[in-house]
Amino acid sequence: MKISAPKGTHDILPGESGKWIWLENILRQAAGRYGFSEIRFPAFEHTELFLRGIGDTTDVVQKEMYTFQDKGGRSITLRPEGTASTVRAFVEHGLHTTPMPFKCYYIAPNFRYENPQKGRLRQHHQFGVECFGAKEPSADAEIIALGNDVMANTGLQNVSLRINSVGCPSCRPGYNQKLIKFLENCRPKLCQDCNNRLSRNPMRILDCKNENCRAEIKDAPVGTDSLCDDCSTHMEQLKIYLEYMGISFDVDPSIVRGLDYYTKTVFEFINDGITLCGGGRYDDLVRALGGPVTPGLGFGCGLERLLMMLKRQNVTDKPWEGCDIYIAALGVAADRHSMRLCNQLRSHGFSAERDICGRGLKAQMKHADKIGARYTFVLGEHELTTEKIELKDMATGQIHAGNLEISFLEGILGNRGRNHSDGG
RNA sequence: GUGGAUGUAGUUCAGUUGGUUAGAGCACCAGUUUGUGGCACUGGAAGUCGCCGGUUCGAAUCCGGUCAUCCACCCCA
């Protein structure tokens with residue numbers, strides 16, 4: 001009879017939304033410093049967008065999409081990642097006519113039909129950035145620098161950066177041939193998964209965790225040795241930029257992103273074996289989705305994973321969620337008066353609370369304590385006749401005697417109460 | 001899609017070889033003489049023991065199925 005949240009989804013309750021807001025603010029501010037503006041796109045798209053954009057041999061497309069037919073007979077898919085939607089919007093609105101580079105970011109949920117486990121959900125939230133129209137390696141460096149800043153700004157420790165190049169249409173096919181030729185020879189000794197990978201995406205075999213496979217492929221041709229001049233130079237330039245910025249990294253030839261659109265640079269920020277942020281360059285994607293030939297690059301960052309790691313490392317910075325003042329009312333007349341006072345305090349910018357559960361005085365005080373009220377005062381017949389109140393500082397117990405007037409309260413509470421607009 | 005572990009109150013967990021009315025801590029609500037929070041004490045509410053079926057005189061307990069959660073593989077953020 002009870003209905004629970006669907007498998008692989010979960011509620012962000014009022015008690016924990018504070019840290020989400022905190023994190024989102026950090027991300028927005030970092031994006032802003034790098035000149036990225038927010039884009040918002042629909043939660044669902046025509047299925048075709050992802051078939052053409054992500055690549056129809058990928059796991060994401062083959063078995064993880066939430067696809068259904070709407071009442072108009074269209075095939076619709078819940079967005080599994082943000083890049084395809086961004087490119088679609090870029091092409092659809094002719095944004096290549098705006099000054100290049102075009103830089104945008106998003107914070108949005110993604111949907112993938114997978115088996116949930118640590119750091120993996122069916123609905124997860126992603127901070128993503130995309131940049132169009134910049135073919136230079138300095139663009140890659142800038143994007144990676146932003147990712148690096150984001151990691152640092154959250155306060156996360158021990159995050160490492162790995163980069164690689166997957167080549168371009170002029171050199172990747174040649175490398176793939178070499179690799180396949182090598183792998184065919186040891187095919188019988190490779191695990192079942194690797195045998196499947198051989199036909200779908202041979203480069204992924206380089207990342208197999210099976211020890212036998214690792215031994216077999218020890219002498220496999222390395223991708224970065226087979227890059228064309230253009231890709232090779234691009235990679236070298238990127239490394240120089242990163243070194244100039246003091247961003248440390250490892251070149252890891254086993255990094256192969258699971259989405260087909262990547263060209264040249266791919267990278268990941270990893271902590272404790274979990275990828276927090278992954279991205280790369282996709283110079284052919286805009287054209288493939290019907291736009292003009294336009295280079296592009298970006299990354300995606302899983303918010304649940306970031307928060308999981310932050311919790312693990314005890315990074316607990318989050319906005320204060322309390323209440324400036326609680327009015328404990330006693331009696332019918334005071335109850336009505338406190339309602340008006342409460343409203344006045346709120347319109348003066350304070351967070352003010354009063355009883356709406358029919359509690360007695362003692363229970364009201366108890367509740368004021370539980371919700372973290374900074375000040376309280378009792379409003380009863382005595383206060384109404386004398387027009388004097390005793391404002392109590394809940395942390396120290398100190399009493400401030402004064403008039404039953406907003407100006408007195410304002411004087412004690414300060415000019416400005418809890419600021420809701422910047423999260424504290 | 002495959003494999004492992006686990007499902008008892010809002011939550012964290014007890015619950016004997018199957019045996020009367022299923023318990024505790026925390027949290028929640030109310031009181032400890034209608035004027036003051038934290039502490040203490042007293043009391044209250046709250047569970048179809050995940051769900052369905054089977055075995056049994058009798059099932060939270062044993063068996064089967066199913067669903068869910070966590071973890072791992074694949075893949076990914």
# chains A, B, ... in the order shown; residues from 1 in each chain; ligands from 1
>>> select_by_dssp(residues="region 232-412 of chain A", states="alpha helix (DSSP H)", output="ChimeraX atom specification")
/A:232-245,285-288,303-312,332-347,361-370,381-386,406-412
>>> closest_atom_pairs(of="chain B", to="chain A", cutoff="8 Å", atoms="only C-alpha atoms (C1' of nucleotides)", output="CSV")
residue,atom,partner,partner_atom,distance
B:G35,C1',A:Leu361,CA,7.6
B:U36,C1',A:Lys362,CA,6.6
B:G37,C1',A:Lys366,CA,4.6
B:G38,C1',A:Asp369,CA,7.4
B:A68,C1',A:Lys7,CA,7.7
B:C70,C1',A:Gln117,CA,7.3
B:C71,C1',A:Gln117,CA,6.7
B:C74,C1',A:Asp193,CA,7.8
B:C75,C1',A:Asp59,CA,6.3
B:C76,C1',A:Gly258,CA,7.3
B:A77,C1',A:Gly302,CA,3.9
>>> write_last_selection(atoms="C-alpha atoms (C1' of nucleotides)", output="PDB file, in the first residue's frame")
ATOM      1  C1'   G B  35       4.923  32.509  32.862  1.00  0.00           C
ATOM      2  C1'   U B  36      10.252  30.443  30.241  1.00  0.00           C
ATOM      3  C1'   G B  37      14.453  25.870  26.346  1.00  0.00           C
ATOM      4  C1'   G B  38      18.855  22.384  27.068  1.00  0.00           C
ATOM      5  C1'   A B  68      13.236  -3.362  -2.381  1.00  0.00           C
ATOM      6  C1'   C B  70      23.349  -2.113  -0.023  1.00  0.00           C
ATOM      7  C1'   C B  71      27.710  -4.113  -2.469  1.00  0.00           C
ATOM      8  C1'   C B  74      29.494  -4.708 -17.096  1.00  0.00           C
ATOM      9  C1'   C B  75      29.343   0.454 -17.904  1.00  0.00           C
ATOM     10  C1'   C B  76      29.449   5.264 -16.130  1.00  0.00           C
ATOM     11  C1'   A B  77      29.066  10.921 -13.075  1.00  0.00           C
TER      12        A B  77
END
>>> closest_residue(among="B:U42, B:U21, B:U34, B:U8", to="U61 (chain B)", atoms="only C-alpha atoms (C1' of nucleotides)")
B:U8
>>> residues_around(residues="region 166-174 of chain A", least_positions_apart="4", cutoff="12 Å", atoms="only C-alpha atoms (C1' of nucleotides)", output="PyMOL selection string")
chain A and resi 178-181+201-204+221-235+251-267+280-284+295
>>> atom_distance(atom1="CA of Val91 (chain A)", atom2="CA of Gly291 (chain A)")
5.2 Å
>>> atom_distance(atom1="C1' of U20 (chain B)", atom2="C1' of U55 (chain B)")
21.9 Å
>>> residues_around(residues="Phe132 (chain A)", least_positions_apart="4", cutoff="8 Å", atoms="only C-alpha atoms (C1' of nucleotides)", output="PyMOL selection string")
chain A and resi 100-103+294-297
>>> atom_distance(atom1="CA of Ala139 (chain A)", atom2="CA of Lys239 (chain A)")
12.2 Å
>>> residues_around(residues="Ala31 (chain A)", least_positions_apart="5", cutoff="10 Å", atoms="only C-alpha atoms (C1' of nucleotides)", output="mmCIF file with N, CA and C atoms, in the first residue's frame")
data_model
loop_
_atom_site.group_PDB
_atom_site.id
_atom_site.type_symbol
_atom_site.label_atom_id
_atom_site.label_comp_id
_atom_site.auth_asym_id
_atom_site.auth_seq_id
_atom_site.Cartn_x
_atom_site.Cartn_y
_atom_site.Cartn_z
ATOM 1 N N ASN A 25 26.210 26.491 -5.293
ATOM 2 C CA ASN A 25 26.754 27.848 -5.306
ATOM 3 C C ASN A 25 28.228 27.853 -5.687
ATOM 4 N N ILE A 26 28.973 26.915 -5.152
ATOM 5 C CA ILE A 26 30.393 26.821 -5.482
ATOM 6 C C ILE A 26 30.573 26.579 -6.981
ATOM 7 N N PHE A 36 31.396 31.112 -18.064
ATOM 8 C CA PHE A 36 30.346 30.201 -18.526
ATOM 9 C C PHE A 36 28.992 30.671 -17.994
ATOM 10 N N SER A 37 27.973 30.672 -18.864
ATOM 11 C CA SER A 37 26.620 31.062 -18.448
ATOM 12 C C SER A 37 25.719 29.839 -18.464
ATOM 13 N N GLU A 38 24.678 29.908 -17.663
ATOM 14 C CA GLU A 38 23.837 28.724 -17.522
ATOM 15 C C GLU A 38 22.914 28.502 -18.719
ATOM 16 N N LYS A 103 30.349 29.506 -24.365
ATOM 17 C CA LYS A 103 30.611 28.726 -23.145
ATOM 18 C C LYS A 103 29.373 28.668 -22.256
ATOM 19 N N CYS A 104 28.944 27.480 -21.895
ATOM 20 C CA CYS A 104 27.771 27.377 -21.023
ATOM 21 C C CYS A 104 27.928 26.232 -20.024
ATOM 22 N N TYR A 105 27.108 26.289 -18.973
ATOM 23 C CA TYR A 105 27.117 25.203 -17.981
ATOM 24 C C TYR A 105 25.691 24.860 -17.600
ATOM 25 N N TYR A 106 25.522 23.727 -16.963
ATOM 26 C CA TYR A 106 24.194 23.328 -16.488
ATOM 27 C C TYR A 106 24.331 22.523 -15.206
ATOM 28 N N PHE A 127 26.706 18.454 -12.828
ATOM 29 C CA PHE A 127 27.174 19.789 -13.205
ATOM 30 C C PHE A 127 27.999 19.587 -14.455
ATOM 31 N N GLY A 128 27.622 20.241 -15.554
ATOM 32 C CA GLY A 128 28.367 20.057 -16.789
ATOM 33 C C GLY A 128 28.727 21.394 -17.400
ATOM 34 N N VAL A 129 29.847 21.433 -18.105
ATOM 35 C CA VAL A 129 30.206 22.648 -18.843
ATOM 36 C C VAL A 129 30.519 22.245 -20.286
ATOM 37 N N ILE A 143 39.361 24.323 -19.713
ATOM 38 C CA ILE A 143 38.284 23.466 -19.203
ATOM 39 C C ILE A 143 38.796 22.600 -18.045
ATOM 40 N N LEU A 146 39.199 24.613 -14.972
ATOM 41 C CA LEU A 146 37.917 24.836 -14.300
ATOM 42 C C LEU A 146 37.555 23.617 -13.450
ATOM 43 N N GLY A 147 37.723 22.426 -14.031
ATOM 44 C CA GLY A 147 37.450 21.199 -13.276
ATOM 45 C C GLY A 147 38.333 21.127 -12.039
ATOM 46 N N ASP A 149 39.677 23.638 -10.431
ATOM 47 C CA ASP A 149 39.213 24.654 -9.484
ATOM 48 C C ASP A 149 38.010 24.155 -8.705
ATOM 49 N N VAL A 150 37.076 23.534 -9.422
ATOM 50 C CA VAL A 150 35.858 23.032 -8.788
ATOM 51 C C VAL A 150 36.221 22.033 -7.687
#
>>> select_by_dssp(residues="region 136-205 of chain A", states="strand (DSSP E)", output="list of chain:residue names")
A:Ser160, A:Leu161, A:Arg162, A:Ile163, A:Asn164, A:Ser165
>>> write_last_selection(atoms="N, CA and C atoms", output="short mmCIF file (atom, residue, chain, number, x, y, z; two decimals), in the first residue's frame")
data_model
loop_
_atom_site.label_atom_id
_atom_site.label_comp_id
_atom_site.auth_asym_id
_atom_site.auth_seq_id
_atom_site.Cartn_x
_atom_site.Cartn_y
_atom_site.Cartn_z
N SER A 160 42.90 13.22 -8.09
CA SER A 160 43.95 13.19 -9.10
C SER A 160 43.36 13.33 -10.51
N LEU A 161 44.17 13.89 -11.38
CA LEU A 161 43.75 14.15 -12.76
C LEU A 161 44.48 13.20 -13.70
N ARG A 162 43.72 12.57 -14.56
CA ARG A 162 44.32 11.72 -15.58
C ARG A 162 43.86 12.20 -16.94
N ILE A 163 44.81 12.26 -17.87
CA ILE A 163 44.45 12.69 -19.21
C ILE A 163 44.95 11.67 -20.23
N ASN A 164 44.36 11.74 -21.40
CA ASN A 164 44.75 10.85 -22.49
C ASN A 164 44.28 11.49 -23.79
N SER A 165 44.72 10.91 -24.91
CA SER A 165 44.18 11.34 -26.19
C SER A 165 43.66 10.13 -26.93
#
>>> closest_residue(among="A:Ile21, A:Leu156, A:Ala215, A:Ala145", to="Arg312 (chain A)", atoms="only C-alpha atoms")
A:Leu156
>>> residues_around(residues="A24 (chain B)", least_positions_apart="3", cutoff="12 Å", atoms="only C-alpha atoms (C1' of nucleotides)", output="list in words")
A9, U12, C13, A14 and G15 of chain B
>>> decode(residues="region 1-31 of chain B", atoms="N, CA and C atoms (P, O5', C5', C4', C3', O3' and C1' of nucleotides)", output="JSON list (two decimals), in the first residue's frame")
[["chain", "number", "residue", "atom", "x", "y", "z"],
["B", 1, "G", "P", 16.99, -6.56, -16.23],
["B", 1, "G", "O5'", 18.09, -7.68, -16.39],
["B", 1, "G", "C5'", 17.94, -8.68, -17.35],
["B", 1, "G", "C4'", 19.31, -9.22, -17.67],
["B", 1, "G", "C3'", 20.03, -9.88, -16.51],
["B", 1, "G", "O3'", 19.62, -11.23, -16.31],
["B", 1, "G", "C1'", 21.50, -8.36, -17.59],
["B", 2, "U", "P", 19.49, -11.81, -14.81],
["B", 2, "U", "O5'", 21.01, -12.08, -14.42],
["B", 2, "U", "C5'", 21.81, -12.98, -15.18],
["B", 2, "U", "C4'", 23.20, -13.05, -14.61],
["B", 2, "U", "C3'", 23.28, -13.25, -13.10],
["B", 2, "U", "O3'", 23.12, -14.61, -12.72],
["B", 2, "U", "C1'", 24.75, -11.51, -13.74],
["B", 3, "G", "P", 22.48, -14.93, -11.29],
["B", 3, "G", "O5'", 23.64, -14.55, -10.28],
["B", 3, "G", "C5'", 24.77, -15.40, -10.13],
["B", 3, "G", "C4'", 25.79, -14.77, -9.24],
["B", 3, "G", "C3'", 25.36, -14.50, -7.80],
["B", 3, "G", "O3'", 25.40, -15.66, -6.99],
["B", 3, "G", "C1'", 26.45, -12.59, -8.65],
["B", 4, "G", "P", 24.41, -15.80, -5.74],
["B", 4, "G", "O5'", 25.08, -14.86, -4.64],
["B", 4, "G", "C5'", 26.30, -15.23, -4.03],
["B", 4, "G", "C4'", 26.79, -14.13, -3.12],
["B", 4, "G", "C3'", 25.84, -13.75, -1.99],
["B", 4, "G", "O3'", 25.90, -14.63, -0.89],
["B", 4, "G", "C1'", 26.64, -11.79, -3.03],
["B", 5, "A", "P", 24.63, -14.83, 0.09],
["B", 5, "A", "O5'", 24.58, -13.48, 0.92],
["B", 5, "A", "C5'", 25.57, -13.20, 1.91],
["B", 5, "A", "C4'", 25.40, -11.79, 2.43],
["B", 5, "A", "C3'", 24.06, -11.49, 3.10],
["B", 5, "A", "O3'", 24.01, -11.93, 4.44],
["B", 5, "A", "C1'", 24.56, -9.77, 1.56],
["B", 6, "U", "P", 22.61, -12.41, 5.04],
["B", 6, "U", "O5'", 21.79, -11.06, 5.17],
["B", 6, "U", "C5'", 22.26, -10.00, 5.99],
["B", 6, "U", "C4'", 21.46, -8.75, 5.74],
["B", 6, "U", "C3'", 19.97, -8.86, 6.02],
["B", 6, "U", "O3'", 19.71, -8.72, 7.41],
["B", 6, "U", "C1'", 20.30, -7.74, 3.98],
["B", 7, "G", "P", 18.26, -9.06, 7.99],
["B", 7, "G", "O5'", 17.51, -7.73, 7.65],
["B", 7, "G", "C5'", 16.13, -7.72, 7.53],
["B", 7, "G", "C4'", 15.69, -6.39, 6.96],
["B", 7, "G", "C3'", 14.19, -6.18, 7.09],
["B", 7, "G", "O3'", 13.88, -4.81, 7.02],
["B", 7, "G", "C1'", 14.74, -6.54, 4.82],
["B", 8, "U", "P", 13.81, -3.95, 8.35],
["B", 8, "U", "O5'", 12.91, -4.82, 9.33],
["B", 8, "U", "C5'", 11.52, -4.99, 9.08],
["B", 8, "U", "C4'", 10.79, -5.21, 10.37],
["B", 8, "U", "C3'", 10.87, -4.07, 11.38],
["B", 8, "U", "O3'", 9.94, -3.04, 11.10],
["B", 8, "U", "C1'", 11.35, -6.10, 12.48],
["B", 9, "A", "P", 10.47, -1.54, 11.14],
["B", 9, "A", "O5'", 9.60, -0.77, 12.21],
["B", 9, "A", "C5'", 8.37, -0.21, 11.79],
["B", 9, "A", "C4'", 7.86, 0.83, 12.76],
["B", 9, "A", "C3'", 8.63, 2.14, 12.78],
["B", 9, "A", "O3'", 7.72, 3.22, 12.64],
["B", 9, "A", "C1'", 8.28, 1.34, 14.98],
["B", 10, "G", "P", 7.28, 3.65, 11.24],
["B", 10, "G", "O5'", 8.28, 4.89, 11.06],
["B", 10, "G", "C5'", 8.20, 5.71, 9.90],
["B", 10, "G", "C4'", 9.26, 6.77, 10.03],
["B", 10, "G", "C3'", 10.66, 6.19, 10.21],
["B", 10, "G", "O3'", 11.30, 5.98, 8.97],
["B", 10, "G", "C1'", 10.22, 7.76, 11.94],
["B", 11, "U", "P", 12.21, 4.64, 8.79],
["B", 11, "U", "O5'", 13.46, 4.98, 9.71],
["B", 11, "U", "C5'", 14.37, 6.01, 9.34],
["B", 11, "U", "C4'", 15.44, 6.15, 10.39],
["B", 11, "U", "C3'", 16.19, 4.86, 10.71],
["B", 11, "U", "O3'", 17.27, 4.66, 9.82],
["B", 11, "U", "C1'", 15.47, 5.89, 12.72],
["B", 12, "U", "P", 17.82, 3.18, 9.59],
["B", 12, "U", "O5'", 18.63, 2.89, 10.91],
["B", 12, "U", "C5'", 19.83, 3.59, 11.19],
["B", 12, "U", "C4'", 20.40, 3.11, 12.50],
["B", 12, "U", "C3'", 20.52, 1.60, 12.64],
["B", 12, "U", "O3'", 21.69, 1.11, 12.01],
["B", 12, "U", "C1'", 19.53, 2.49, 14.60],
["B", 13, "C", "P", 21.74, -0.40, 11.54],
["B", 13, "C", "O5'", 21.64, -1.15, 12.94],
["B", 13, "C", "C5'", 20.94, -2.36, 13.10],
["B", 13, "C", "C4'", 20.72, -2.57, 14.56],
["B", 13, "C", "C3'", 20.22, -3.94, 14.96],
["B", 13, "C", "O3'", 21.29, -4.87, 15.03],
["B", 13, "C", "C1'", 18.97, -2.29, 16.09],
["B", 14, "A", "P", 21.00, -6.42, 15.04],
["B", 14, "A", "O5'", 20.65, -6.62, 16.57],
["B", 14, "A", "C5'", 19.50, -7.34, 16.92],
["B", 14, "A", "C4'", 19.37, -7.38, 18.41],
["B", 14, "A", "C3'", 18.69, -8.65, 18.90],
["B", 14, "A", "O3'", 19.61, -9.70, 19.12],
["B", 14, "A", "C1'", 17.57, -6.76, 19.76],
["B", 15, "G", "P", 19.45, -11.06, 18.34],
["B", 15, "G", "O5'", 17.98, -11.50, 18.72],
["B", 15, "G", "C5'", 17.67, -11.88, 20.06],
["B", 15, "G", "C4'", 16.18, -12.00, 20.23],
["B", 15, "G", "C3'", 15.47, -12.97, 19.27],
["B", 15, "G", "O3'", 15.61, -14.32, 19.67],
["B", 15, "G", "C1'", 14.27, -10.95, 19.36],
["B", 16, "U", "P", 15.45, -15.45, 18.55],
["B", 16, "U", "O5'", 16.18, -16.71, 19.16],
["B", 16, "U", "C5'", 17.60, -16.72, 19.35],
["B", 16, "U", "C4'", 17.95, -17.72, 20.40],
["B", 16, "U", "C3'", 17.23, -19.07, 20.30],
["B", 16, "U", "O3'", 18.09, -20.12, 20.68],
["B", 16, "U", "C1'", 16.74, -18.06, 22.37],
["B", 17, "U", "P", 18.69, -21.00, 19.62],
["B", 17, "U", "O5'", 17.45, -21.59, 18.82],
["B", 17, "U", "C5'", 17.67, -22.38, 17.65],
["B", 17, "U", "C4'", 17.04, -23.73, 17.79],
["B", 17, "U", "C3'", 15.51, -23.76, 17.57],
["B", 17, "U", "O3'", 15.15, -23.77, 16.19],
["B", 17, "U", "C1'", 16.08, -25.02, 19.49],
["B", 18, "G", "P", 13.67, -23.81, 15.78],
["B", 18, "G", "O5'", 13.09, -22.69, 16.74],
["B", 18, "G", "C5'", 12.78, -21.42, 16.45],
["B", 18, "G", "C4'", 11.31, -21.11, 16.41],
["B", 18, "G", "C3'", 10.51, -21.42, 17.67],
["B", 18, "G", "O3'", 9.69, -20.30, 17.96],
["B", 18, "G", "C1'", 9.43, -22.30, 15.77],
["B", 19, "G", "P", 9.83, -19.56, 19.36],
["B", 19, "G", "O5'", 8.40, -19.88, 20.00],
["B", 19, "G", "C5'", 7.22, -19.30, 19.45],
["B", 19, "G", "C4'", 6.09, -19.42, 20.44],
["B", 19, "G", "C3'", 6.54, -19.35, 21.89],
["B", 19, "G", "O3'", 5.50, -18.76, 22.66],
["B", 19, "G", "C1'", 5.52, -21.45, 21.48],
["B", 20, "U", "P", 5.37, -17.23, 22.90],
["B", 20, "U", "O5'", 3.89, -17.14, 22.32],
["B", 20, "U", "C5'", 3.10, -15.97, 22.40],
["B", 20, "U", "C4'", 1.69, -16.32, 22.78],
["B", 20, "U", "C3'", 0.90, -15.11, 23.27],
["B", 20, "U", "O3'", -0.45, -15.26, 22.88],
["B", 20, "U", "C1'", 1.01, -16.75, 24.98],
["B", 21, "U", "P", -0.99, -14.36, 21.82],
["B", 21, "U", "O5'", -0.65, -12.89, 22.31],
["B", 21, "U", "C5'", -1.25, -11.79, 21.63],
["B", 21, "U", "C4'", -0.65, -10.49, 22.10],
["B", 21, "U", "C3'", 0.89, -10.45, 22.15],
["B", 21, "U", "O3'", 1.32, -9.18, 21.69],
["B", 21, "U", "C1'", -0.01, -9.85, 24.25],
["B", 22, "A", "P", 2.14, -9.01, 20.34],
["B", 22, "A", "O5'", 3.60, -8.64, 20.83],
["B", 22, "A", "C5'", 4.44, -9.63, 21.38],
["B", 22, "A", "C4'", 5.88, -9.30, 21.06],
["B", 22, "A", "C3'", 6.24, -7.84, 21.31],
["B", 22, "A", "O3'", 6.68, -7.68, 22.64],
["B", 22, "A", "C1'", 6.99, -8.53, 19.17],
["B", 23, "G", "P", 5.98, -6.65, 23.60],
["B", 23, "G", "O5'", 7.17, -5.93, 24.37],
["B", 23, "G", "C5'", 7.79, -4.80, 23.79],
["B", 23, "G", "C4'", 9.27, -4.95, 23.99],
["B", 23, "G", "C3'", 10.03, -3.64, 23.92],
["B", 23, "G", "O3'", 10.04, -2.99, 25.19],
["B", 23, "G", "C1'", 11.05, -5.21, 22.50],
["B", 24, "A", "P", 10.10, -1.38, 25.24],
["B", 24, "A", "O5'", 11.65, -1.08, 25.05],
["B", 24, "A", "C5'", 12.58, -1.52, 26.04],
["B", 24, "A", "C4'", 13.98, -1.25, 25.56],
["B", 24, "A", "C3'", 14.28, 0.18, 25.15],
["B", 24, "A", "O3'", 14.55, 1.01, 26.27],
["B", 24, "A", "C1'", 15.12, -1.29, 23.51],
["B", 25, "G", "P", 14.30, 2.57, 26.18],
["B", 25, "G", "O5'", 15.53, 3.07, 25.32],
["B", 25, "G", "C5'", 16.84, 3.07, 25.87],
["B", 25, "G", "C4'", 17.83, 3.55, 24.83],
["B", 25, "G", "C3'", 17.52, 4.91, 24.21],
["B", 25, "G", "O3'", 17.98, 5.98, 25.01],
["B", 25, "G", "C1'", 18.04, 3.37, 22.50],
["B", 26, "C", "P", 17.19, 7.37, 25.06],
["B", 26, "C", "O5'", 17.35, 7.92, 23.57],
["B", 26, "C", "C5'", 18.58, 8.46, 23.12],
["B", 26, "C", "C4'", 18.53, 8.76, 21.64],
["B", 26, "C", "C3'", 17.44, 9.74, 21.21],
["B", 26, "C", "O3'", 17.81, 11.09, 21.40],
["B", 26, "C", "C1'", 17.43, 7.87, 19.77],
["B", 27, "A", "P", 16.69, 12.18, 21.76],
["B", 27, "A", "O5'", 15.76, 12.15, 20.46],
["B", 27, "A", "C5'", 16.21, 12.73, 19.24],
["B", 27, "A", "C4'", 15.15, 12.55, 18.16],
["B", 27, "A", "C3'", 13.77, 13.09, 18.51],
["B", 27, "A", "O3'", 13.67, 14.48, 18.28],
["B", 27, "A", "C1'", 13.57, 10.91, 17.63],
["B", 28, "C", "P", 12.68, 15.35, 19.17],
["B", 28, "C", "O5'", 11.24, 14.80, 18.76],
["B", 28, "C", "C5'", 10.73, 15.01, 17.45],
["B", 28, "C", "C4'", 9.37, 14.38, 17.31],
["B", 28, "C", "C3'", 8.35, 14.83, 18.36],
["B", 28, "C", "O3'", 7.77, 16.07, 18.00],
["B", 28, "C", "C1'", 8.28, 12.48, 18.17],
["B", 29, "C", "P", 7.55, 17.19, 19.11],
["B", 29, "C", "O5'", 6.23, 16.68, 19.86],
["B", 29, "C", "C5'", 5.00, 16.59, 19.16],
["B", 29, "C", "C4'", 3.98, 15.91, 20.03],
["B", 29, "C", "C3'", 3.86, 16.43, 21.45],
["B", 29, "C", "O3'", 3.12, 17.63, 21.53],
["B", 29, "C", "C1'", 3.92, 14.08, 21.50],
["B", 30, "A", "P", 3.46, 18.69, 22.66],
["B", 30, "A", "O5'", 2.82, 18.03, 23.96],
["B", 30, "A", "C5'", 1.43, 17.71, 23.98],
["B", 30, "A", "C4'", 1.12, 16.91, 25.21],
["B", 30, "A", "C3'", 1.61, 17.49, 26.52],
["B", 30, "A", "O3'", 0.76, 18.51, 26.98],
["B", 30, "A", "C1'", 2.10, 15.18, 26.45],
["B", 31, "G", "P", 1.31, 19.50, 28.08],
["B", 31, "G", "O5'", 1.46, 18.50, 29.29],
["B", 31, "G", "C5'", 0.88, 18.75, 30.54],
["B", 31, "G", "C4'", 1.21, 17.63, 31.47],
["B", 31, "G", "C3'", 2.18, 18.00, 32.59],
["B", 31, "G", "O3'", 1.50, 18.68, 33.63],
["B", 31, "G", "C1'", 2.85, 15.95, 31.64]]
